[in-house]
Amino acid sequence: MRRRRAAVAAGFCASFLLGSVLNVLFAPGSEPPRPGQSPGPSPAPGPGRRGGRGELARQIRARYEEVQRYSRGGPGPGAGRPERRRLMDLAPGGPGLQRPRPPRARPLPDGAPGWPPAPGPGSSGSGPRLGCAALRNVSGAQYVGSGYTKAVYRVRLPGGAAVALKAVDFSGHDLGSCVREFGARRGCYRLAAHKLLKEMVLLERLRHPNVLQLYGYCYQDSEDIPDTLTTITELGAPVEMIQLLQTSWEDRFRICLSLGRLLHHLAHSPLGSVTLLDFRPRQFVLVDGELKVTDLDDARVEETPCTSSTDCILEFPARNFTLPCSAQGWCEGMNEKRNLYNAYRFFFTYLLPHSAPPSLRPLLDSIVNATGELTWGVDETLAQLEKVLHLYQSGQYLQNATAGGRAEYQRLPGSTIPQEDYRCWPSYHHGSCLLSVFNVAEAVDVCESHAQCQAFVVTNQTTWTGRQLVFFKTGWSHMVPDPNKTTYVRA
């Protein structure tokens, strides 16, 4: 009886905890949610607050108009405003959508646009695939992190797929500073949520393999604020630079190539040249080894206006660049060059040259130097990165790079060496020496360059470039059959 009571109590507590977490998912805080946590009462507006409600309404309208510009900004993927979806408008499990209900009347700051935004006249109404119905029975909710405006959670959908949920962080700096200044919690929420809405529109408009996928979104009433917005996106792993420095050069090059392709896409997007004003590793995630930008609420499309080149100074902590002012009164290529130099100082300089194949280092050094001096644009940078990929993938980098006299190795198909491992760096496996090679000749060269290597095992596994993964061994005293491997031992 005691065990039964304990089991019932534990189940009740677990259900309560999960329900509390999912309730806060639509209004998350900067820390993992706790059961019963309340955002607290909204402070009353004080007479000393600068600008009052009129200033808040002006800021809301400015962000609203920015979202409108991006959603209407020319043809391209995702054209048209996202259609508004609400929890009560979605049929459970059905493919169709019911007609949206009109928003309830609610007090707004004078001059502020309504919330949530309704579809514009040119909206296609095709909207993302997932809506509120997909979030009704999620499981495994986990807090991922938060920034200035948003908080991110990881959940598992009923079908088993893991996704990320983004929402305004009710305990974040953006919302908190606004409430302290204006004392209008709902108006401040709309101000912050327009950044999330801007990001949602840009994810749709800038679709690309290196832009995080937007799966859907949901409006739901939460606590004292109606129509809180939650976006549903692809789930990625945070970019940890210290961990990346310990990975293979091939994987690090893939990240730099992904970044080069992304910057080329942003420079030639349907909206124009897009710059990332907040360009740091934390604004990106890794999805199956590919780098993808996830944070676009601080992206900007407009180039900087100018009357002379003195207005076109690109400032960074270590150095500044002066760009030309065009006859049309815009700083030429400032958005593109800002992205490129940030890619150099945060990614290329750390990830590209180190432990690269010796024959590729001169080309890699030229890429790093040219982006560090901004002598190349994104087109030339991407062309050189693609050249490195071709040389590496085709094996041309091995020409004149192999030793003349090799030892003889005996080929033993259908066998492997389960033990007799040693560690090398960088390796795909921490407890052994697992490297990628273009062919058996390169595997022989690697084994000859390691003093402890006496044998190697070629697997049927390949990397993203199609290169084979090979285990290098200290001997072959104990061999076992394996139809998927071939062992080579020093004769």
# chains A, B, ... in the order shown; residues from 1 in each chain; ligands from 1
$ residues_around --residues "Ala134 (chain A)" --least-positions-apart "2" --cutoff "9 Å" --atoms "only C-alpha atoms" --output "PyMOL selection string"
chain A and resi 92-93+130-132+136-138+157-158
$ residues_around --residues "Val458 (chain A)" --least-positions-apart "6" --cutoff "6 Å" --atoms "only C-alpha atoms" --output "ChimeraX atom specification"
/A:470,485-486
$ select_by_dssp --residues "region 115-209 of chain A" --states "alpha helix (DSSP H)" --output "PyMOL selection string"
chain A and resi 173-182+185-205
$ residues_around --residues "Gly414 (chain A)" --least-positions-apart "4" --cutoff "12 Å" --atoms "only C-alpha atoms" --output "short mmCIF file (atom, residue, chain, number, x, y, z; two decimals) with all heavy atoms, in the first residue's frame"
data_model
loop_
_atom_site.label_atom_id
_atom_site.label_comp_id
_atom_site.auth_asym_id
_atom_site.auth_seq_id
_atom_site.Cartn_x
_atom_site.Cartn_y
_atom_site.Cartn_z
N VAL A 457 42.99 -0.47 -40.22
CA VAL A 457 41.74 -1.14 -40.60
C VAL A 457 40.87 -0.14 -41.35
O VAL A 457 40.48 0.90 -40.80
CB VAL A 457 41.00 -1.67 -39.36
CG1 VAL A 457 39.69 -2.35 -39.77
CG2 VAL A 457 41.88 -2.63 -38.57
N VAL A 458 40.57 -0.45 -42.60
CA VAL A 458 39.72 0.40 -43.43
C VAL A 458 38.26 -0.01 -43.23
O VAL A 458 37.91 -1.18 -43.42
CB VAL A 458 40.10 0.28 -44.92
CG1 VAL A 458 39.19 1.16 -45.78
CG2 VAL A 458 41.56 0.67 -45.12
N THR A 459 37.43 0.94 -42.81
CA THR A 459 36.01 0.66 -42.56
C THR A 459 35.18 1.01 -43.81
O THR A 459 35.71 1.56 -44.78
CB THR A 459 35.49 1.46 -41.37
OG1 THR A 459 35.38 2.85 -41.74
CG2 THR A 459 36.44 1.35 -40.18
N ASN A 460 33.89 0.68 -43.75
CA ASN A 460 32.99 1.06 -44.84
C ASN A 460 32.26 2.36 -44.54
O ASN A 460 31.31 2.72 -45.21
CB ASN A 460 31.98 -0.04 -45.13
CG ASN A 460 31.07 -0.32 -43.94
OD1 ASN A 460 31.28 0.22 -42.84
ND2 ASN A 460 30.05 -1.14 -44.13
N MET A 479 43.16 -10.86 -34.31
CA MET A 479 42.28 -10.43 -35.38
C MET A 479 41.01 -11.26 -35.37
O MET A 479 41.02 -12.43 -35.00
CB MET A 479 42.98 -10.56 -36.75
CG MET A 479 44.24 -9.73 -36.87
SD MET A 479 45.06 -9.95 -38.47
CE MET A 479 43.81 -9.32 -39.56
N VAL A 480 39.91 -10.64 -35.77
CA VAL A 480 38.62 -11.33 -35.81
C VAL A 480 37.96 -11.04 -37.15
O VAL A 480 38.24 -10.02 -37.79
CB VAL A 480 37.69 -10.86 -34.66
CG1 VAL A 480 38.28 -11.21 -33.30
CG2 VAL A 480 37.41 -9.37 -34.75
N PRO A 481 37.05 -11.92 -37.59
CA PRO A 481 36.36 -11.67 -38.87
C PRO A 481 35.40 -10.50 -38.78
O PRO A 481 34.75 -10.28 -37.76
CB PRO A 481 35.60 -12.99 -39.11
CG PRO A 481 36.23 -14.00 -38.21
CD PRO A 481 36.73 -13.24 -37.02
N ASP A 482 35.34 -9.73 -39.86
CA ASP A 482 34.37 -8.64 -39.98
C ASP A 482 34.19 -8.35 -41.47
O ASP A 482 35.10 -7.84 -42.13
CB ASP A 482 34.85 -7.38 -39.26
CG ASP A 482 33.75 -6.32 -39.16
OD1 ASP A 482 32.92 -6.23 -40.08
OD2 ASP A 482 33.74 -5.56 -38.18
N PRO A 483 33.01 -8.69 -42.02
CA PRO A 483 32.83 -8.53 -43.48
C PRO A 483 32.84 -7.08 -43.95
O PRO A 483 32.98 -6.84 -45.15
CB PRO A 483 31.45 -9.18 -43.73
CG PRO A 483 30.74 -9.07 -42.41
CD PRO A 483 31.81 -9.20 -41.36
N ASN A 484 32.69 -6.12 -43.04
CA ASN A 484 32.61 -4.71 -43.42
C ASN A 484 33.94 -3.98 -43.29
O ASN A 484 33.98 -2.76 -43.46
CB ASN A 484 31.57 -4.00 -42.56
CG ASN A 484 30.18 -4.56 -42.78
OD1 ASN A 484 29.78 -4.83 -43.90
ND2 ASN A 484 29.44 -4.74 -41.69
N LYS A 485 35.02 -4.70 -43.00
CA LYS A 485 36.32 -4.06 -42.80
C LYS A 485 37.41 -4.82 -43.54
O LYS A 485 37.29 -6.02 -43.80
CB LYS A 485 36.66 -3.94 -41.31
CG LYS A 485 35.71 -3.04 -40.52
CD LYS A 485 36.14 -2.96 -39.06
CE LYS A 485 35.27 -1.97 -38.30
NZ LYS A 485 33.87 -2.44 -38.17
N THR A 486 38.48 -4.10 -43.82
CA THR A 486 39.66 -4.71 -44.43
C THR A 486 40.90 -4.25 -43.67
O THR A 486 41.07 -3.05 -43.42
CB THR A 486 39.82 -4.29 -45.91
OG1 THR A 486 38.66 -4.72 -46.65
CG2 THR A 486 41.05 -4.89 -46.52
N THR A 487 41.73 -5.21 -43.26
CA THR A 487 42.91 -4.90 -42.46
C THR A 487 44.16 -4.92 -43.33
O THR A 487 44.30 -5.77 -44.21
CB THR A 487 43.05 -5.91 -41.30
OG1 THR A 487 41.90 -5.79 -40.45
CG2 THR A 487 44.29 -5.65 -40.49
N TYR A 488 45.03 -3.98 -43.08
CA TYR A 488 46.34 -3.94 -43.75
C TYR A 488 47.39 -3.99 -42.65
O TYR A 488 47.39 -3.18 -41.72
CB TYR A 488 46.50 -2.65 -44.56
CG TYR A 488 45.62 -2.58 -45.78
CD1 TYR A 488 44.29 -2.22 -45.67
CD2 TYR A 488 46.14 -2.87 -47.03
CE1 TYR A 488 43.48 -2.15 -46.80
CE2 TYR A 488 45.35 -2.80 -48.18
CZ TYR A 488 44.01 -2.44 -48.05
OH TYR A 488 43.21 -2.38 -49.16
#
$ residues_around --residues "region 461-463 of chain A" --least-positions-apart "3" --cutoff "9 Å" --atoms "only C-alpha atoms" --output "JSON, numbers by chain"
{"A": [250, 251, 436, 458, 466, 467, 468, 469, 470]}
